[in-house]
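Reviewing the structure listed below.
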Amino acid sequence: PLFHIINIFINKFIESQQDYVLSFFVYSFLLPLFFFVALKKVFNEIKVQYLLIFISILLLSPYFRTSSYWGLQENLSYIFFILSIYLNENYKKNIYLILLFAFLAFYADQKFLFVPLLFLIKFFYIDKKFKKINEKFKILSYCFILMIPSLIIFYLWQGVTPKVTSSGINEEGFYPQNIVYVTNIISLYLFPFLFIKSNKYLLYKIFNLKFIVFFILCTIIIYLSYRFYFKTDLISGGGWLYKIYQFLLIKNIYFAEIYFFLAFIVSLFIVVLYYKIMEKSFVNIFLLLFLYFIGIFITVTFQEYYDPLMFFLLIFFFEKKNIYKYETSHFMIIFFYFFSFFTLTYVYRLYLT
């Protein structure tokens with residue numbers, strides 16, 4: 001509830017609903033600013049104009065703009081997340097400060113639990129800076145202290161979200177069918193980066209018997225989940241592909257079903273292929289698993305859970321080493337791809353809703 005605490009006790013500019021919306025619209029501009037500062041620090045050898053393309057893509061994000069306009073909590077989490085990345089690059093020795101900002105991201109939005117977990121993994125298993133047991137104990141004790149307020153809140157809420165806000169809409173549980181929705185959503189963000197990295201030699205190297213068998217097994221397993229668990233009557237959510245499915249369902253149920261399943265196969269192919277060629281570090285695998293974890297343990301998966309989160313993860317983690325190799329054309333491909341997504345959201349709003 002950090003977002004609401006700030007509103008009540010710190011934000012002194014709120015006297016009406018209009019003041020509330022305006023103040024958080026202004027504060028949301030901190031995110032592009034901090035994003036640029038972090039980009040400059042992490043990618044100090046890349047030209048500024050290329051980094052500004054990434055800033056432009058953030059400003060095109062439908063969900064960043066929605067959160068900014070309506071004063072939603074996600075932008076605050078993103079601000080703390082980006083600041084923790086910057087601090088990790090600039091002040092690596094001050095692990096306590098980095099973890100503090102990581103936990104602040106979590107306290108602004110429960111989904112950002114992965115941020116403190118991410119940095120703990122980096123410090124303990126990747127960087128291996130803290131080898132002595134007493135040092136690890138101090139860090140874990142510090143994290144436990146930072147976790148205490150959340151444990152109290154979850155106890156009072158009787159879950160990770162208040163029942164009054166989640167009952168009947170997004171209740172906690174185990175929903176394996178949401179793998180379908182998560183795959184569709186994250187494939188949208190992986191595609192342009194996969195397209196840039198693809199070439200004849202790479203594809204020839206990947207398309208072997210093991211890959212084909214693995215892809216067929218994944219398809220069969222998820223199809224069974226789709227066949228026996230998939231819900232086609234969601235009140236909301238489901239991501240971009242499900243929205244198109246709902247529109248087609250009005251026209252022809254058989255065409256809608258065929259479209260959805262074939263589109264899902266393409267989405268799954270993109271995710272599996274990207275996984276095959278991405279850097280398989282412990283951190284990257286953890287992040288990919290957490291992206292699926294978000295969707296599987298709640299009733300409804302919303303695309304806003306992944307936008308602009310996926311873009312930040314691609315830039316600072318999945319594609320971090322590759323971005324140095326990007327040419328001008330690669331940056332332009334990424335920009336126009338997300339500009340097209342931005343445009344199509346307006347088409348959907350105007351003509352399909």
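Going through the structure tokens in order, the chains are called A, B, and so on, while each chain numbers its residues from 1 and the ligands are numbered from 1 in the order shown.
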Open item on the list: as an MDAnalysis selection string, please: every residue in stretch 206-322 of chain A that DSSP puts in alpha helix (DSSP H).
Closed with: chainID A and resid 206 209:229 239:251 253:277 282:296 309:313
For A:Ser61, find every residue with an atom within 8 Å (counting only C-alpha atoms), except residues of its own chain fewer than 3 positions away, and show them as a PDB file with C-alpha atoms, in the first residue's frame.
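Okay, around_20.pdb is ready:
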```pdb
ATOM      1  CA  ILE A  57       8.865   3.533 -26.897  1.00  0.00           C
ATOM      2  CA  LEU A  58       8.095   3.887 -23.184  1.00  0.00           C
ATOM      3  CA  PHE A  64       2.285   3.544 -18.975  1.00  0.00           C
ATOM      4  CA  ARG A  65       0.114   6.341 -20.350  1.00  0.00           C
ATOM      5  CA  ASP A 307       3.571  -3.604 -20.246  1.00  0.00           C
ATOM      6  CA  PRO A 308       5.985  -1.823 -19.988  1.00  0.00           C
ATOM      7  CA  PHE A 338       5.978  -0.672 -30.909  1.00  0.00           C
ATOM      8  CA  PHE A 342       0.444   1.836 -30.086  1.00  0.00           C
TER       9      PHE A 342
END
```
Task: Which of A:Phe35, A:Phe193, A:Phe25, A:Phe3 sits closest to A:Tyr107 [using only C-alpha atoms] - done: A:Phe3
Open item on the list: One number please: atom CA of A:Leu33 to atom CA of A:Val48, in Å, one decimal.
Closed with: 13.4 Å
Task: Surrounding residues of A:Leu31 excluding itself and chain neighbours under 4 positions, 12 Å, only C-alpha atoms, as a list in words - done: Phe24, Phe25, Val26, Tyr27, Phe35, Phe36, Val37, Ala38, Leu39, Ile55, Leu58, Leu59, Phe64, Arg65, Ser67, Ser68, Glu74, Asn75, Leu76, Ser77, Tyr78, Ile79, Phe80, Phe81, Ile82, Leu83, Pro308 and Phe312 of chain A
